[in-house]
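Asks: Please see the structure below; I have some questions.
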Amino acid sequence: MDSINSYKIIKKFPLGGSSVQKYIVERDNKIFMLRLYDIRFMDSRYRAFNNIRILHDKGIAVPEIYDFG
């Protein structure tokens, strides 16, 4: 897994009504959105990510997940 230090933070979004911290980051001239979730909600996030992978594998257009953990 790549170190988070290899990414440049372009923009941090305000929390708003969510506890999710969101950042636009860049590395190797590629732009990504990084979302950081509260550890208390990881079980539900793992289930959501698994559901997205299932949809993706069936050919349904969903956001691409590069990694989670």
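Chain labels follow the order of the structure tokens: the first chain is A, the next B, and so on; residue numbering restarts at 1 in every chain, and ligands are counted from 1 in their shown order.
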From a DSSP pass on the backbone, collect the residues of segment 12-59 of chain A flagged as helix (DSSP H, G or I) and hand them back as a PyMOL selection string.
Replies: chain A and resi 39-57
Asks: With N, CA and C atoms retained, could you export that selection as a PDB file, in the first residue's frame?
Replies:
ATOM      1  N   ILE A  39     -13.774   5.391  12.732  1.00  0.00           N
ATOM      2  CA  ILE A  39     -13.565   3.961  12.945  1.00  0.00           C
ATOM      3  C   ILE A  39     -14.810   3.279  13.513  1.00  0.00           C
ATOM      4  N   ARG A  40     -15.649   4.015  14.205  1.00  0.00           N
ATOM      5  CA  ARG A  40     -16.867   3.426  14.771  1.00  0.00           C
ATOM      6  C   ARG A  40     -17.821   2.912  13.700  1.00  0.00           C
ATOM      7  N   PHE A  41     -17.684   3.416  12.481  1.00  0.00           N
ATOM      8  CA  PHE A  41     -18.601   3.048  11.405  1.00  0.00           C
ATOM      9  C   PHE A  41     -17.969   2.106  10.375  1.00  0.00           C
ATOM     10  N   MET A  42     -16.833   1.515  10.703  1.00  0.00           N
ATOM     11  CA  MET A  42     -16.115   0.706   9.715  1.00  0.00           C
ATOM     12  C   MET A  42     -16.885  -0.532   9.271  1.00  0.00           C
ATOM     13  N   ASP A  43     -17.598  -1.190  10.173  1.00  0.00           N
ATOM     14  CA  ASP A  43     -18.352  -2.380   9.766  1.00  0.00           C
ATOM     15  C   ASP A  43     -19.353  -2.050   8.664  1.00  0.00           C
ATOM     16  N   SER A  44     -20.073  -0.963   8.824  1.00  0.00           N
ATOM     17  CA  SER A  44     -21.057  -0.597   7.804  1.00  0.00           C
ATOM     18  C   SER A  44     -20.366  -0.147   6.521  1.00  0.00           C
ATOM     19  N   ARG A  45     -19.199   0.484   6.627  1.00  0.00           N
ATOM     20  CA  ARG A  45     -18.457   0.917   5.436  1.00  0.00           C
ATOM     21  C   ARG A  45     -17.944  -0.301   4.669  1.00  0.00           C
ATOM     22  N   TYR A  46     -17.445  -1.329   5.375  1.00  0.00           N
ATOM     23  CA  TYR A  46     -16.991  -2.546   4.705  1.00  0.00           C
ATOM     24  C   TYR A  46     -18.142  -3.199   3.937  1.00  0.00           C
ATOM     25  N   ARG A  47     -19.324  -3.233   4.533  1.00  0.00           N
ATOM     26  CA  ARG A  47     -20.482  -3.808   3.843  1.00  0.00           C
ATOM     27  C   ARG A  47     -20.833  -2.978   2.600  1.00  0.00           C
ATOM     28  N   ALA A  48     -20.791  -1.668   2.732  1.00  0.00           N
ATOM     29  CA  ALA A  48     -21.092  -0.792   1.595  1.00  0.00           C
ATOM     30  C   ALA A  48     -20.062  -0.982   0.480  1.00  0.00           C
ATOM     31  N   PHE A  49     -18.776  -1.054   0.827  1.00  0.00           N
ATOM     32  CA  PHE A  49     -17.735  -1.254  -0.184  1.00  0.00           C
ATOM     33  C   PHE A  49     -17.894  -2.604  -0.867  1.00  0.00           C
ATOM     34  N   ASN A  50     -18.248  -3.629  -0.108  1.00  0.00           N
ATOM     35  CA  ASN A  50     -18.463  -4.945  -0.694  1.00  0.00           C
ATOM     36  C   ASN A  50     -19.637  -4.907  -1.669  1.00  0.00           C
ATOM     37  N   ASN A  51     -20.713  -4.211  -1.315  1.00  0.00           N
ATOM     38  CA  ASN A  51     -21.858  -4.080  -2.216  1.00  0.00           C
ATOM     39  C   ASN A  51     -21.477  -3.352  -3.498  1.00  0.00           C
ATOM     40  N   ILE A  52     -20.642  -2.336  -3.393  1.00  0.00           N
ATOM     41  CA  ILE A  52     -20.189  -1.606  -4.582  1.00  0.00           C
ATOM     42  C   ILE A  52     -19.364  -2.526  -5.476  1.00  0.00           C
ATOM     43  N   ARG A  53     -18.499  -3.339  -4.886  1.00  0.00           N
ATOM     44  CA  ARG A  53     -17.711  -4.292  -5.690  1.00  0.00           C
ATOM     45  C   ARG A  53     -18.604  -5.293  -6.407  1.00  0.00           C
ATOM     46  N   ILE A  54     -19.639  -5.778  -5.740  1.00  0.00           N
ATOM     47  CA  ILE A  54     -20.571  -6.722  -6.361  1.00  0.00           C
ATOM     48  C   ILE A  54     -21.255  -6.071  -7.561  1.00  0.00           C
ATOM     49  N   LEU A  55     -21.728  -4.831  -7.381  1.00  0.00           N
ATOM     50  CA  LEU A  55     -22.364  -4.109  -8.485  1.00  0.00           C
ATOM     51  C   LEU A  55     -21.389  -3.897  -9.640  1.00  0.00           C
ATOM     52  N   HIS A  56     -20.162  -3.499  -9.309  1.00  0.00           N
ATOM     53  CA  HIS A  56     -19.135  -3.271 -10.327  1.00  0.00           C
ATOM     54  C   HIS A  56     -18.861  -4.551 -11.113  1.00  0.00           C
ATOM     55  N   ASP A  57     -18.750  -5.673 -10.413  1.00  0.00           N
ATOM     56  CA  ASP A  57     -18.482  -6.957 -11.072  1.00  0.00           C
ATOM     57  C   ASP A  57     -19.618  -7.387 -11.992  1.00  0.00           C
TER      58      ASP A  57
END
Asks: Mind checking which residues fall within 9 Å of Arg27 of chain A, counting only C-alpha atoms, ignoring those fewer than 4 positions away in the same chain, and posting them as a ChimeraX atom specification?
Replies: /A:6-8,31-32
Asks: Residues near Lys22 of chain A, anyone? I mean within 6 Å using only C-alpha atoms, not counting same-chain ones fewer than 6 positions away, as a list in words.
Replies: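 The neighbour list is Phe13, Leu34 and Arg35 of chain A.
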Asks: Restricting it to N, CA and C atoms, dump the selection as a JSON list (two decimals), in the first residue's frame.
Replies:
[["chain", "number", "residue", "atom", "x", "y", "z"],
["A", 13, "PHE", "N", -12.44, 19.48, 2.22],
["A", 13, "PHE", "CA", -13.83, 19.92, 2.27],
["A", 13, "PHE", "C", -14.28, 20.06, 3.72],
["A", 34, "LEU", "N", -10.21, 11.40, -1.46],
["A", 34, "LEU", "CA", -9.91, 10.58, -0.30],
["A", 34, "LEU", "C", -10.98, 10.84, 0.74],
["A", 35, "ARG", "N", -11.60, 9.78, 1.23],
["A", 35, "ARG", "CA", -12.62, 9.90, 2.28],
["A", 35, "ARG", "C", -12.13, 9.14, 3.50]]
Asks: Could you go through chain A and tell me which residues DSSP, when run on the backbone, assigns to strand (DSSP E or B), listing them as a list in words?
Replies: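 Answer for chain A, restricted to strand (DSSP E or B): Lys8, Ile9, Ile10, Lys11, Lys12, Phe13, Gln21, Lys22, Tyr23, Ile24, Val25, Glu26, Arg27, Lys30, Ile31, Phe32, Met33, Leu34, Arg35 and Leu36 of chain A.
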Asks: Go ahead and save the picked residues with N, CA and C atoms, as a JSON list (two decimals), in the first residue's frame.
Replies:
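Result file is out_16.json:
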[["chain", "number", "residue", "atom", "x", "y", "z"],
["A", 8, "LYS", "N", -0.37, 14.66, -2.58],
["A", 8, "LYS", "CA", -0.44, 16.09, -2.27],
["A", 8, "LYS", "C", -1.90, 16.47, -2.05],
["A", 9, "ILE", "N", -2.20, 17.10, -0.93],
["A", 9, "ILE", "CA", -3.57, 17.54, -0.66],
["A", 9, "ILE", "C", -3.84, 18.81, -1.46],
["A", 10, "ILE", "N", -4.85, 18.75, -2.30],
["A", 10, "ILE", "CA", -5.25, 19.89, -3.13],
["A", 10, "ILE", "C", -6.29, 20.72, -2.41],
["A", 11, "LYS", "N", -7.27, 20.03, -1.80],
["A", 11, "LYS", "CA", -8.37, 20.74, -1.14],
["A", 11, "LYS", "C", -8.95, 19.86, -0.05],
["A", 12, "LYS", "N", -9.31, 20.47, 1.08],
["A", 12, "LYS", "CA", -10.04, 19.78, 2.14],
["A", 12, "LYS", "C", -11.44, 20.37, 2.17],
["A", 13, "PHE", "N", -12.44, 19.48, 2.22],
["A", 13, "PHE", "CA", -13.83, 19.92, 2.27],
["A", 13, "PHE", "C", -14.28, 20.06, 3.72],
["A", 21, "GLN", "N", -14.37, 12.89, 6.61],
["A", 21, "GLN", "CA", -13.42, 13.90, 6.17],
["A", 21, "GLN", "C", -13.11, 13.63, 4.70],
["A", 22, "LYS", "N", -13.22, 14.66, 3.85],
["A", 22, "LYS", "CA", -13.02, 14.50, 2.42],
["A", 22, "LYS", "C", -11.91, 15.42, 1.93],
["A", 23, "TYR", "N", -11.06, 14.86, 1.09],
["A", 23, "TYR", "CA", -9.94, 15.59, 0.53],
["A", 23, "TYR", "C", -9.84, 15.29, -0.96],
["A", 24, "ILE", "N", -9.45, 16.28, -1.74],
["A", 24, "ILE", "CA", -9.01, 16.06, -3.11],
["A", 24, "ILE", "C", -7.49, 15.98, -3.03],
["A", 25, "VAL", "N", -6.94, 14.88, -3.53],
["A", 25, "VAL", "CA", -5.49, 14.67, -3.47],
["A", 25, "VAL", "C", -4.97, 14.37, -4.86],
["A", 26, "GLU", "N", -3.66, 14.56, -5.03],
["A", 26, "GLU", "CA", -3.03, 14.35, -6.33],
["A", 26, "GLU", "C", -1.74, 13.57, -6.14],
["A", 27, "ARG", "N", -1.49, 12.66, -7.10],
["A", 27, "ARG", "CA", -0.22, 11.95, -7.16],
["A", 27, "ARG", "C", -0.01, 11.51, -8.59],
["A", 30, "LYS", "N", -2.48, 12.46, -11.26],
["A", 30, "LYS", "CA", -3.83, 11.88, -11.18],
["A", 30, "LYS", "C", -4.52, 12.47, -9.95],
["A", 31, "ILE", "N", -5.80, 12.76, -10.09],
["A", 31, "ILE", "CA", -6.59, 13.38, -9.03],
["A", 31, "ILE", "C", -7.52, 12.32, -8.43],
["A", 32, "PHE", "N", -7.59, 12.29, -7.09],
["A", 32, "PHE", "CA", -8.42, 11.33, -6.36],
["A", 32, "PHE", "C", -9.21, 12.06, -5.28],
["A", 33, "MET", "N", -10.33, 11.44, -4.86],
["A", 33, "MET", "CA", -11.02, 11.91, -3.67],
["A", 33, "MET", "C", -10.73, 10.91, -2.57],
["A", 34, "LEU", "N", -10.21, 11.40, -1.46],
["A", 34, "LEU", "CA", -9.91, 10.58, -0.30],
["A", 34, "LEU", "C", -10.98, 10.84, 0.74],
["A", 35, "ARG", "N", -11.60, 9.78, 1.23],
["A", 35, "ARG", "CA", -12.62, 9.90, 2.28],
["A", 35, "ARG", "C", -12.13, 9.14, 3.50],
["A", 36, "LEU", "N", -12.15, 9.81, 4.64],
["A", 36, "LEU", "CA", -11.73, 9.20, 5.90],
["A", 36, "LEU", "C", -12.95, 9.08, 6.80]]
Asks: What does the structure give for the distance between atom CA of Asp38 of chain A and atom CA of Ser18 of chain A, in Å to one decimal?
Replies: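 Going from atom CA of Asp38 of chain A over to atom CA of Ser18 of chain A, I get 10.2 Å.
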Asks: Return the single residue from A:Tyr37, A:Tyr66, A:Ala61, A:Ser3 that is closest to Leu15 of chain A, with distances computed using only C-alpha atoms.
Replies: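 Using only C-alpha atoms, the shortest distance to Leu15 of chain A belongs to A:Tyr37.
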